[in-house]
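Written out below as structure tokens is the structure these notes cover.
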6 protein chains.
Amino acid sequence: MRILVVNVNTSRSVTEAIGAQAAGAAAPGTGIVPLTPAFGPESVEGNYESYLAAVAVMETVRAHPGPFDAVIQAGYGEHGREGLQELLDVPVVDITEAAAGTALFLGRSYSVVTSLDRTVPLIEERLRAAGLSERCASVRASGLPVLELERDAAAAVDAVAEQAARAVARDGAEVVCLGCGGMAGLAARVGERTGVPVVDGVTAAVKTAESLVSLGLSTSKVRTYAPPRPKRFLNWPPPQAR
Amino acid sequence: MRILVVNVNTSRSVTEAIGAQAAGAAAPGTGIVPLTPAFGPESVEGNYESYLAAVAVMETVRAHPGPFDAVIQAGYGEHGREGLQELLDVPVVDITEAAAGTALFLGRSYSVVTSLDRTVPLIEERLRAAGLSERCASVRASGLPVLELERDAAAAVDAVAEQAARAVARDGAEVVCLGCGGMAGLAARVGERTGVPVVDGVTAAVKTAESLVSLGLSTSKVRTYAPPRPKRFLNWPPPQAR
Amino acid sequence: MRILVVNVNTSRSVTEAIGAQAAGAAAPGTGIVPLTPAFGPESVEGNYESYLAAVAVMETVRAHPGPFDAVIQAGYGEHGREGLQELLDVPVVDITEAAAGTALFLGRSYSVVTSLDRTVPLIEERLRAAGLSERCASVRASGLPVLELERDAAAAVDAVAEQAARAVARDGAEVVCLGCGGMAGLAARVGERTGVPVVDGVTAAVKTAESLVSLGLSTSKVRTYAPPRPKRFLNWPPPQAR
Amino acid sequence: MRILVVNVNTSRSVTEAIGAQAAGAAAPGTGIVPLTPAFGPESVEGNYESYLAAVAVMETVRAHPGPFDAVIQAGYGEHGREGLQELLDVPVVDITEAAAGTALFLGRSYSVVTSLDRTVPLIEERLRAAGLSERCASVRASGLPVLELERDAAAAVDAVAEQAARAVARDGAEVVCLGCGGMAGLAARVGERTGVPVVDGVTAAVKTAESLVSLGLSTSKVRTYAPPRPKRFLNWPPPQAR
Amino acid sequence: MRILVVNVNTSRSVTEAIGAQAAGAAAPGTGIVPLTPAFGPESVEGNYESYLAAVAVMETVRAHPGPFDAVIQAGYGEHGREGLQELLDVPVVDITEAAAGTALFLGRSYSVVTSLDRTVPLIEERLRAAGLSERCASVRASGLPVLELERDAAAAVDAVAEQAARAVARDGAEVVCLGCGGMAGLAARVGERTGVPVVDGVTAAVKTAESLVSLGLSTSKVRTYAPPRPKRFLNWPPPQAR
Amino acid sequence: MRILVVNVNTSRSVTEAIGAQAAGAAAPGTGIVPLTPAFGPESVEGNYESYLAAVAVMETVRAHPGPFDAVIQAGYGEHGREGLQELLDVPVVDITEAAAGTALFLGRSYSVVTSLDRTVPLIEERLRAAGLSERCASVRASGLPVLELERDAAAAVDAVAEQAARAVARDGAEVVCLGCGGMAGLAARVGERTGVPVVDGVTAAVKTAESLVSLGLSTSKVRTYAPPRPKRFLNWPPPQAR
């Protein structure tokens with residue numbers, strides 16, 4: 001089984017970290033193929049960047065020669081998963097949803113701890129749109145930008161653990177999801193500090209994707225995610241994505 | 001006052017129809033500037049196309065020399081409005097939301113009649129994300145593709161009026177919103193057939209935009225729609241959008 | 001275009017302030033006709049008074065010789081708008097709903113700051129009944145009674161701005177609505193203090209009413225707001241309202 | 001214990017029927033005092049009439065010499081209960097809410113069958129405002145006006161039983177509430193026809209009121225239902241209500 | 001009228017206290033029959049114990065020779081009421097629901113104060129499943145275990161009143177429900193301390209049960225609570241419950 | 001890895017079918033241990049039976065000598081999972097929730113097709129309590145009792161496929177979950193008939209359990225699922241469960 005794990009930003013170091021995280025969770029026989037978008041921002045922290053990243057991920061996956069058995073979109077709270085589902089026949093797993101879907105089996109409610117406060121609304125909206133928000137106790141921001149989280153792991157653990165602890169004490173969270181692709185690798189340390197299960201989106205997505213492939217299940221094509229109709233495009237795709 | 005009215009697809013005839021519709025609703029002194037995206041699909045009927053259109057609209061508006069006082073995104077149920085709000089200081093009005101926001105003052109509940117069934121979920125999601133779905137009785141599909149609606153007005157009136165009548169009789173709708181940019185101009189005839197107020201999104205958006213400008217109000221910048229942070233972009237924007 | 005702007009209480013000074021506020025927002029060619037109810041309380045701060053005011057507004061508008069093109073009910077969180085819609089063929093706009101409907105275009109969520117804590121539940125209920133509550137972050141009370149707000153503008157600004165700032169900082173509000181007819185004129189100063197768009201219900205209602213009239217749209221009569229059936233009334237209307 | 005049972009319309013025959021229905025359900029030692037409003041419409045079938053009836057009920061109860069231990073507002077889906085709660089220290093029970101509150105103990109969900117379709121929205125709103133709508137499967141209309149229901153009991157049973165049966169078969173209702181004060185006395189026959197428990201609002205309200213009085217409990221005065229503040233009234237109350 | 005009042009734990013002192021509380025609220029002519037389950041835990045503070053108690057209550061009531069006219073399940077937030085409703089033809093009243101159903105008539109919102117924090121989720125779930133959670137402002141824990149509450153009434157009043165006061169001040173509660181069978185008898189003192197109506201579940205349930213019996217109403221048998229189908233059981237019931 | 005797969009009824013043939021289904025989905029190295037409760041009903045089709053089954057499952061698992069790495073409760077819409085989570089340190093997966101949690105990754109909404117209509121409410125409640133109901137389009141009944149489904153596979157496929165097709169056509173479902181442990185093995189044939197992904201709860205639960213174990217994650221113990229407090233039990237457990 002080969003799984004494409006697509007970073008949403010164009011920072012190769014983030015792609016590498018995500019790839020390593022995914023590989024560590026993969027079952028024997030699962031090949032992880034990390035992918036960086038062919039265009040877009042170096043980090044995604046808002047709607048403009050997220051919409052652009054969504055399109056970049058779609059075009060990059062479309063241009064990928066394959067074959068692959070599943071695709072993971074490795075950005076937290078980002079737009080685009082629905083479009084990938086239209087374009088592909090294989091299962092598509094968003095790490096935001098994989099983390100939440102996993103957390104539901106571990107406690108009555110979960111919180112997400114993300115990077116900047118401005119990304120909180122995006123995550124809330126994605127969870128709501130996915131039908132996974134009812135048991136979301138809160139989405140909290142650590143205050144650290146995406147690239148900062150990656151650069152200074154110790155500071156990241158401190159900032160994330162502090163908000164995770166507040167989520168447990170004040171919001172009634174029983175599980176914490178690490179709400180940023182750049183938090184790959186922090187789960188164990190945040191778990192020790194808070195005493196609750198900590199879910200990493202990338203590893204959760206790998207197991208979800210493996211499960212779907214193993215069950216022989218993929219995206220329903222009867223309505224929302226039917227393939228795009230044949231259509232003319234003006235000036236698209238751009239040269240870099242061909 | 002100058003209002004950019006941005007089509008979401010790249011069909012110039014649709015841009016023209018939308019522009020004429022907007023101009024007909026504009027107050028004296030309001031200039032309507034119709035705009036066609038610099039890239040993207042000829043019609044938008046699904047998530048892949050809608051995400052691409054969102055980015056195309058954003059880049060096209062960004063590249064527009066201006067000045068303008070407000071921007072209308074003239075696609076029904078499409079992604080992207082949040083990104084435009086981050087990029088701009090002037091008010092941004094989505095026609096989906098303008099129609100729903102207008103309908104709330106006209107009856108206890110409203111329905112939307114759109115083009116194809118596959119776009120129904122997109123409209124439902126946008127209304128929900130905008131906080132305008134609670135009084136939405138239903139979103140119904142006429143079964144006609146976007147470009148068909150434009151081509152054959154008589155058939156469009158028939159198909160839309162039939163679903164509008166069902167929305168009133170079966171779903172409890174008291175108001176009907178025309179759920180497609182390509183339906184510009186059908187409102188009066190559908191209203192005659194159904195006996196309920198019929199809201200056209202483009203004209204509703206023009207009045208909403210004029211109102212916001214006249215009140216001196218624009219997008220809040222304290223959180224969700226704060227300007228994007230300074231950041232490096234790889235291979236972006238594409239040549240055609242510069 | 002002539003718009004009746006009906007105060008809900010019987011304090012003429014409040015009527016004058018509301019009328020001036022409305023006139024300042026009106027487009028050229030829009031005539032504002034301020035109206036004081038023929039009976040009822042000098043201020044409305046609770047359900048008993050609000051129900052009475054609702055009936056007084058209805059009878060006063062019914063007895064008005066006209067003509068007029070729209071009616072604005074200028075009380076925040078008050079009962080009665082549905083009854084006016086049954087009685088009239090022209091559009092009816094409640095300032096609570098106009099403010100909320102406007103706020104939805106300006107930020108992801110809004111809060112209302114009102115007079116006394118006891119009026120908070122009324123506003124919450126009206127927003128819920130209008131299908132506009134989903135993005136309401138909170139309704140907060142300044143602690144000042146309606147007539148106090150009118151009497152001491154400086155104290156009003158202080159009290160309202162303090163709660164508005166809390167709404168932004170604690171409740172996640174991105175927009176603030178001034179939740180009392182008696183707050184006419186405070187918007188600019190509260191906006192300066194808080195850095196978010198501040199919506200005044202009366203001016204928002206004027207633009208909403210103008211928009212509806214200009215679009216040729218009025219209340220749907222197919223169900224909820226159908227005209228009252230012919231019926232005998234005992235001892236009604238009272239002499240003062242004839 | 002003396003309970004005022006206040007009709008919302010000014011038809012004395014309805015008052016009598018309601019009074020008899022209440023008396024039949026009262027415990028030994030409970031005195032039922034039927035009351036007709038001093039002004040208002042002969043039947044209540046819409047918002048204008050309902051708002052007027054609300055005020056008429058309040059003024060009529062205020063002018064009643066007493067003493068009494070509880071008040072029942074015997075109109076289905078009508079405005080006003082919150083105002084009575086402000087004015088009185090004794091418990092106030094609305095028959096819409098008493099019926100729903102009783103139905104919750106009898107099945108997983110209930111439906112209401114009312115008179116005209118135009119009153120359906122009023123009932124839905126009242127149930128929602130009372131926090132009792134979550135298990136409401138549907139509100140259905142028999143198509144018979146209030147005064148018709150009273151005049152022809154056989155036709156009323158037929159029309160109501162038909163809608164009740166549909167509520168059970170199509171909407172999943174397990175209990176039916178008779179949604180009109182004028183349906184007093186139909187419960188047994190509708191129950192026989194449908195095989196589900198049928199709740200009459202007036203009798204349910206009598207038992208609810210007796211229970212509250214017996215438990216020594218009455219309306220909380222800390223916030224929403226605090227007594228009105230001292231205030232000047234213009235031209236109110238009208239002569240007939242003094 | 002004979003009402004079985006079934007304790008959910010096997011502490012006879014709790015059964016006695018509950019029985020006395022119920023008897024104090026019963027109307028003349030109502031006989032209260034307190035019952036202790038034939039097996040199970042000495043107190044119920046979590047899901048495992050609550051599920052076991054549910055089954056113990058069901059088997060104990062099934063084995064009871066009768067006759068009786070109604071059954072009260074006297075545990076707060078416990079599982080099982082639906083099963084009893086399937087097994088019995090007489091009305092079944094859960095004290096959690098009776099308290100909430102009573103509170104709705106006394107104020108706009110209510111809070112529950114219970115024993116340990118770990119029982120809060122159970123109560124929240126039961127209120128939600130019963131359709132009574134919409135007006136629940138909060139469920140708060142006093143921190144005292146069930147048996148402690150019974151042992152030291154003064155400490156219990158202090159701990160419960162403190163949380164009740166916070167519910168009023170911070171959560172907007174206007175009514176407080178005592179959320180534990182072991183709190184029988186504290187209502188008056190907690191009410192004095194907080195100034196809001198305090199509802200005791202056992203007494204509320206007695207009045208609810210009496211009302212249902214008096215109205216001739218019992219559980220609907222058309223769907224959810226239809227009698228169990230005839231079926232073979234392995235090793236059940238256990239010797240002690242026969 | 002060893003996973004206990006616990007049937008909820010005492011029919012050994014059902015246990016065998018479930019065990020075979022689970023084994024077919026298990027990864028290499030995963031051992032499936034099918035378990036039949038030590039007491040309880042031969043099939044579970046209602047609340048009384050479901051509560052009893054919940055307790056039987058708990059006592060049977062408690063008495064199991066182990067070791068095991070996860071437990072699957074293989075009944076659809078049954079009570080009890082929360083109790084197992086309190087008793088165990090290893091992950092607990094309910095097949096109702098595993099199916100729904102899997103379906104969310106395959107389409108925008110899913111329906112469940114179960115055995116008898118009387119079990120529909122149980123499934124709806126369990127999905128709601130698990131926070132997985134928001135995207136549930138409907139729960140439909142095939143009309144076949146549990147043991148019948150097992151006995152006649154061809155009839156079962158027909159009955160289930162018919163309801164599945166209606167769920168897609170009328171309720172907007174894009175995925176179908178087989179809502180009964182006794183439907184093990186029907187997924188492929190129902191999928192062929194309906195053209196949408198069909199999720200079998202048992203196989204979905206096996207993959208979910210494997211994923212959780214592989215990620216090193218288990219139930220949060222900080223609140224809802226903390227271990228039961230030490231306590232005395234009367235007459236429990238029964239001889240057969242020791």
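Residues are named by chain letter and number: chains run A, B, ... in the order of the structure tokens, numbers start at 1 in each chain, and ligands are numbered from 1 in the order shown.
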
Cys177 in chain D environment, 10 Å, only C-alpha atoms, sequence neighbours closer than 6 positions dropped, as an NGL selection string: :D and (96 or 98-100 or 102-103 or 110-114 or 139 or 164 or 187 or 197-201)

Residues of chain A within 9 Å of chain B, only C-alpha atoms counted, as a PyMOL selection string: chain A and resi 10+38-43+45-52+54-55+58+79-87+117-122+125+128-129+222-229+231-240

Chain C on chain F, least-squares, complete ordered Cα pairing, as a compact mmCIF listing (two decimals) with C-alpha atoms, in the first residue's frame:
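New file superposed38.txt:
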```txt
# COMPACT_ATOMS: atom_id res chain seq x y z
CA MET C 1 -2.37 -8.12 19.39
CA ARG C 2 -5.43 -9.87 20.86
CA ILE C 3 -8.87 -8.30 20.49
CA LEU C 4 -11.90 -9.52 22.39
CA VAL C 5 -14.97 -9.32 20.19
CA VAL C 6 -17.97 -9.58 22.47
CA ASN C 7 -21.38 -10.46 21.15
CA VAL C 8 -24.21 -8.74 23.05
CA ASN C 9 -26.65 -11.64 22.81
CA THR C 10 -26.29 -15.23 23.96
CA SER C 11 -26.72 -16.90 20.56
CA ARG C 12 -23.53 -18.75 19.88
CA SER C 13 -24.14 -18.84 16.15
CA VAL C 14 -24.18 -15.06 16.12
CA THR C 15 -20.96 -15.01 18.11
CA GLU C 16 -19.39 -17.31 15.56
CA ALA C 17 -20.51 -15.22 12.63
CA ILE C 18 -19.21 -12.06 14.25
CA GLY C 19 -15.94 -13.76 15.10
CA ALA C 20 -15.46 -14.93 11.54
CA GLN C 21 -16.27 -11.49 10.20
CA ALA C 22 -13.77 -9.92 12.59
CA ALA C 23 -11.07 -12.47 11.78
CA GLY C 24 -11.48 -11.76 8.07
CA ALA C 25 -10.73 -8.08 8.66
CA ALA C 26 -7.90 -8.52 11.14
CA ALA C 27 -4.34 -7.67 10.17
CA PRO C 28 -1.69 -10.37 10.23
CA GLY C 29 -0.70 -10.74 13.86
CA THR C 30 -4.07 -9.73 15.25
CA GLY C 31 -5.81 -12.49 17.17
CA ILE C 32 -9.61 -12.29 17.40
CA VAL C 33 -11.20 -13.80 20.52
CA PRO C 34 -15.00 -14.08 20.13
CA LEU C 35 -16.93 -14.04 23.37
CA THR C 36 -20.54 -14.82 24.29
CA PRO C 37 -22.01 -13.21 27.41
CA ALA C 38 -22.48 -15.50 30.38
CA PHE C 39 -26.13 -14.49 30.71
CA GLY C 40 -28.80 -12.51 28.91
CA PRO C 41 -31.22 -12.65 25.96
CA GLU C 42 -30.78 -14.62 22.75
CA SER C 43 -31.18 -11.41 20.76
CA VAL C 44 -31.30 -7.75 21.72
CA GLU C 45 -34.13 -5.65 20.32
CA GLY C 46 -35.08 -3.01 22.83
CA ASN C 47 -34.03 -1.17 25.94
CA TYR C 48 -34.70 -3.80 28.59
CA GLU C 49 -32.68 -6.37 26.70
CA SER C 50 -30.02 -3.87 25.82
CA TYR C 51 -29.47 -2.78 29.41
CA LEU C 52 -29.25 -6.38 30.50
CA ALA C 53 -26.86 -7.19 27.67
CA ALA C 54 -24.70 -4.21 28.66
CA VAL C 55 -24.27 -5.59 32.16
CA ALA C 56 -23.72 -9.12 30.88
CA VAL C 57 -21.01 -7.92 28.51
CA MET C 58 -19.31 -6.01 31.31
CA GLU C 59 -19.33 -8.90 33.75
CA THR C 60 -18.23 -11.37 31.09
CA VAL C 61 -15.30 -9.22 30.05
CA ARG C 62 -14.38 -8.59 33.70
CA ALA C 63 -14.34 -12.32 34.35
CA HIS C 64 -12.23 -13.04 31.28
CA PRO C 65 -8.72 -14.13 32.27
CA GLY C 66 -7.05 -12.15 29.50
CA PRO C 67 -4.70 -10.82 28.39
CA PHE C 68 -6.18 -8.72 25.60
CA ASP C 69 -5.29 -5.42 23.98
CA ALA C 70 -8.70 -4.08 23.03
CA VAL C 71 -12.39 -4.92 23.34
CA ILE C 72 -15.06 -4.61 20.68
CA GLN C 73 -18.69 -4.51 21.75
CA ALA C 74 -20.41 -6.10 18.79
CA GLY C 75 -24.00 -4.94 19.15
CA TYR C 76 -25.58 -2.15 17.16
CA GLY C 77 -27.13 0.70 19.12
CA GLU C 78 -26.68 -1.00 22.47
CA HIS C 79 -26.04 0.43 25.89
CA GLY C 80 -22.91 -0.20 27.86
CA ARG C 81 -19.78 1.01 26.13
CA GLU C 82 -19.18 3.74 28.74
CA GLY C 83 -19.17 1.17 31.54
CA LEU C 84 -16.61 -1.00 29.77
CA GLN C 85 -14.43 2.05 29.34
CA GLU C 86 -14.49 2.65 33.09
CA LEU C 87 -13.58 -0.96 33.85
CA LEU C 88 -10.75 -1.38 31.36
CA ASP C 89 -7.43 0.23 30.58
CA VAL C 90 -7.40 -1.00 26.99
CA PRO C 91 -9.38 0.69 24.19
CA VAL C 92 -13.07 -0.15 23.86
CA VAL C 93 -14.76 0.13 20.47
CA ASP C 94 -18.50 -0.04 19.88
CA ILE C 95 -19.45 -1.21 16.40
CA THR C 96 -22.16 1.45 16.05
CA GLU C 97 -19.60 4.15 16.56
CA ALA C 98 -16.86 2.46 14.53
CA ALA C 99 -19.20 2.21 11.56
CA ALA C 100 -20.27 5.83 11.82
CA GLY C 101 -16.74 7.04 12.44
CA THR C 102 -15.63 5.20 9.31
CA ALA C 103 -18.56 6.42 7.21
CA LEU C 104 -17.65 10.05 7.89
CA PHE C 105 -14.49 9.59 5.79
CA LEU C 106 -16.43 8.16 2.85
CA GLY C 107 -19.23 10.61 2.15
CA ARG C 108 -20.97 13.72 3.36
CA SER C 109 -23.70 11.80 5.17
CA TYR C 110 -24.57 8.25 6.02
CA SER C 111 -27.63 6.22 6.90
CA VAL C 112 -27.93 3.14 9.05
CA VAL C 113 -30.15 0.20 8.09
CA THR C 114 -31.07 -1.92 11.06
CA SER C 115 -33.35 -4.82 11.97
CA LEU C 116 -36.68 -3.83 13.59
CA ASP C 117 -38.21 -0.37 13.75
CA ARG C 118 -38.17 -0.53 17.54
CA THR C 119 -34.37 -0.48 17.57
CA VAL C 120 -34.18 2.71 15.49
CA PRO C 121 -34.48 5.02 18.51
CA LEU C 122 -31.72 3.17 20.35
CA ILE C 123 -29.34 3.64 17.44
CA GLU C 124 -30.27 7.29 17.06
CA GLU C 125 -29.60 7.87 20.75
CA ARG C 126 -26.25 6.09 20.72
CA LEU C 127 -25.04 8.06 17.71
CA ARG C 128 -26.14 11.28 19.36
CA ALA C 129 -24.47 10.37 22.64
CA ALA C 130 -21.25 9.58 20.78
CA GLY C 131 -21.20 12.92 18.94
CA LEU C 132 -21.52 11.13 15.61
CA SER C 133 -25.11 11.95 14.65
CA GLU C 134 -24.71 15.26 12.86
CA ARG C 135 -24.07 13.61 9.49
CA CYS C 136 -26.52 10.78 10.03
CA ALA C 137 -29.13 11.18 7.30
CA SER C 138 -31.48 8.55 8.71
CA VAL C 139 -31.77 5.27 10.56
CA ARG C 140 -34.05 2.89 8.70
CA ALA C 141 -35.45 -0.51 9.65
CA SER C 142 -35.45 -3.53 7.35
CA GLY C 143 -38.31 -5.02 9.35
CA LEU C 144 -36.45 -8.30 9.94
CA PRO C 145 -35.69 -9.42 13.52
CA VAL C 146 -32.06 -10.07 14.43
CA LEU C 147 -32.28 -13.86 14.36
CA GLU C 148 -34.17 -13.80 11.05
CA LEU C 149 -31.41 -11.73 9.46
CA GLU C 150 -28.94 -14.40 10.41
CA ARG C 151 -31.12 -17.28 9.26
CA ASP C 152 -31.99 -16.14 5.73
CA ALA C 153 -29.18 -14.19 4.11
CA ALA C 154 -30.93 -13.73 0.77
CA ALA C 155 -34.03 -12.20 2.35
CA ALA C 156 -31.77 -10.07 4.51
CA VAL C 157 -29.91 -8.71 1.51
CA ASP C 158 -33.20 -7.87 -0.21
CA ALA C 159 -34.69 -6.12 2.80
CA VAL C 160 -31.55 -4.23 3.69
CA ALA C 161 -30.74 -3.21 0.12
CA GLU C 162 -34.25 -1.84 -0.35
CA GLN C 163 -33.97 0.44 2.65
CA ALA C 164 -30.41 1.37 1.75
CA ALA C 165 -31.57 2.45 -1.70
CA ARG C 166 -34.30 4.59 -0.15
CA ALA C 167 -31.80 6.16 2.21
CA VAL C 168 -29.72 7.21 -0.78
CA ALA C 169 -32.63 8.40 -2.91
CA ARG C 170 -34.78 10.09 -0.28
CA ASP C 171 -32.61 10.93 2.70
CA GLY C 172 -29.48 12.05 0.87
CA ALA C 173 -27.28 9.32 2.29
CA GLU C 174 -23.99 8.79 0.48
CA VAL C 175 -22.83 5.87 2.62
CA VAL C 176 -24.76 3.06 4.32
CA CYS C 177 -23.90 1.38 7.62
CA LEU C 178 -25.20 -2.12 8.31
CA GLY C 179 -26.91 -1.58 11.64
CA CYS C 180 -26.94 -5.02 13.21
CA GLY C 181 -24.28 -7.45 14.36
CA GLY C 182 -26.31 -10.14 12.60
CA MET C 183 -25.71 -8.50 9.21
CA ALA C 184 -22.09 -9.57 9.15
CA GLY C 185 -21.28 -10.60 5.62
CA LEU C 186 -23.94 -8.64 3.73
CA ALA C 187 -21.87 -5.56 2.94
CA ALA C 188 -20.58 -6.56 -0.49
CA ARG C 189 -23.98 -7.53 -1.81
CA VAL C 190 -25.75 -4.47 -0.45
CA GLY C 191 -23.01 -2.30 -1.93
CA GLU C 192 -23.50 -3.83 -5.38
CA ARG C 193 -27.20 -3.16 -5.21
CA THR C 194 -26.95 0.45 -4.12
CA GLY C 195 -23.75 1.80 -5.62
CA VAL C 196 -22.57 3.40 -2.39
CA PRO C 197 -19.91 2.34 0.11
CA VAL C 198 -21.37 -0.01 2.70
CA VAL C 199 -19.75 -0.14 6.10
CA ASP C 200 -19.92 -3.20 8.30
CA GLY C 201 -19.61 -2.33 11.96
CA VAL C 202 -17.61 -5.37 13.02
CA THR C 203 -14.87 -4.97 10.43
CA ALA C 204 -14.77 -1.22 10.97
CA ALA C 205 -14.37 -1.84 14.69
CA VAL C 206 -11.50 -4.24 14.16
CA LYS C 207 -9.59 -1.66 12.13
CA THR C 208 -10.39 1.06 14.65
CA ALA C 209 -9.21 -1.09 17.54
CA GLU C 210 -6.05 -2.09 15.72
CA SER C 211 -5.35 1.57 14.95
CA LEU C 212 -5.78 2.68 18.55
CA VAL C 213 -3.56 -0.07 19.88
CA SER C 214 -0.96 0.60 17.21
CA LEU C 215 -0.97 4.32 18.08
CA GLY C 216 -0.53 3.48 21.76
CA LEU C 217 -3.72 5.29 22.66
CA SER C 218 -6.41 4.26 25.12
CA THR C 219 -9.36 5.65 27.03
CA SER C 220 -8.84 8.90 28.91
CA LYS C 221 -9.20 8.35 32.64
CA VAL C 222 -9.44 11.94 33.82
CA ARG C 223 -13.18 12.23 34.14
CA THR C 224 -16.06 10.35 32.51
CA TYR C 225 -14.30 7.01 32.26
CA ALA C 226 -12.28 7.06 35.47
CA PRO C 227 -12.22 3.63 37.18
CA PRO C 228 -15.18 2.95 39.50
CA ARG C 229 -14.57 3.97 43.09
CA PRO C 230 -14.08 1.11 45.63
CA LYS C 231 -17.51 0.14 46.85
CA ARG C 232 -19.59 -2.64 48.46
CA PHE C 233 -21.95 -4.62 46.22
CA LEU C 234 -25.01 -6.52 47.38
CA ASN C 235 -25.59 -9.93 45.75
CA TRP C 236 -23.34 -9.17 42.86
CA PRO C 237 -21.90 -10.51 40.63
CA PRO C 238 -24.33 -13.44 40.14
CA PRO C 239 -22.91 -16.98 40.30
CA GLN C 240 -22.88 -17.46 36.54
CA ALA C 241 -20.66 -14.45 35.99
CA ARG C 242 -18.02 -15.19 38.57
```

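Within range 41-74 of chain B, DSSP run on the backbone puts these residues in strand (DSSP E): Pro41, Ala70, Val71, Ile72, Gln73 and Ala74 of chain B.
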
How about saving the chosen residues, N, CA, C and O atoms kept, as a PDB file, in the first residue's frame?
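Below is the file that was written, part_20.pdb:
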```pdb
ATOM      1  N   PRO B  41     -12.471  27.694 -14.431  1.00  0.00           N
ATOM      2  CA  PRO B  41     -13.428  26.942 -15.244  1.00  0.00           C
ATOM      3  C   PRO B  41     -14.528  27.830 -15.829  1.00  0.00           C
ATOM      4  O   PRO B  41     -14.856  28.877 -15.279  1.00  0.00           O
ATOM      5  N   ALA B  70     -16.290  48.347  -2.656  1.00  0.00           N
ATOM      6  CA  ALA B  70     -16.831  47.086  -2.144  1.00  0.00           C
ATOM      7  C   ALA B  70     -16.656  46.034  -3.233  1.00  0.00           C
ATOM      8  O   ALA B  70     -16.497  46.375  -4.414  1.00  0.00           O
ATOM      9  N   VAL B  71     -16.667  44.757  -2.809  1.00  0.00           N
ATOM     10  CA  VAL B  71     -16.538  43.659  -3.768  1.00  0.00           C
ATOM     11  C   VAL B  71     -17.684  42.681  -3.551  1.00  0.00           C
ATOM     12  O   VAL B  71     -17.995  42.311  -2.406  1.00  0.00           O
ATOM     13  N   ILE B  72     -18.318  42.298  -4.655  1.00  0.00           N
ATOM     14  CA  ILE B  72     -19.354  41.263  -4.604  1.00  0.00           C
ATOM     15  C   ILE B  72     -18.818  40.015  -5.283  1.00  0.00           C
ATOM     16  O   ILE B  72     -18.332  40.079  -6.421  1.00  0.00           O
ATOM     17  N   GLN B  73     -18.865  38.893  -4.572  1.00  0.00           N
ATOM     18  CA  GLN B  73     -18.498  37.612  -5.189  1.00  0.00           C
ATOM     19  C   GLN B  73     -19.785  36.988  -5.709  1.00  0.00           C
ATOM     20  O   GLN B  73     -20.635  36.533  -4.929  1.00  0.00           O
ATOM     21  N   ALA B  74     -19.908  36.932  -7.044  1.00  0.00           N
ATOM     22  CA  ALA B  74     -21.191  36.589  -7.653  1.00  0.00           C
ATOM     23  C   ALA B  74     -21.287  35.127  -8.056  1.00  0.00           C
ATOM     24  O   ALA B  74     -21.619  34.793  -9.199  1.00  0.00           O
TER      25      ALA B  74
END
```

All alpha helix (DSSP H) positions in range 27-166 of chain D, as a VMD selection string: chain D and resid 47 to 63 81 to 87 95 to 103 120 to 129 146 to 151 153 to 166
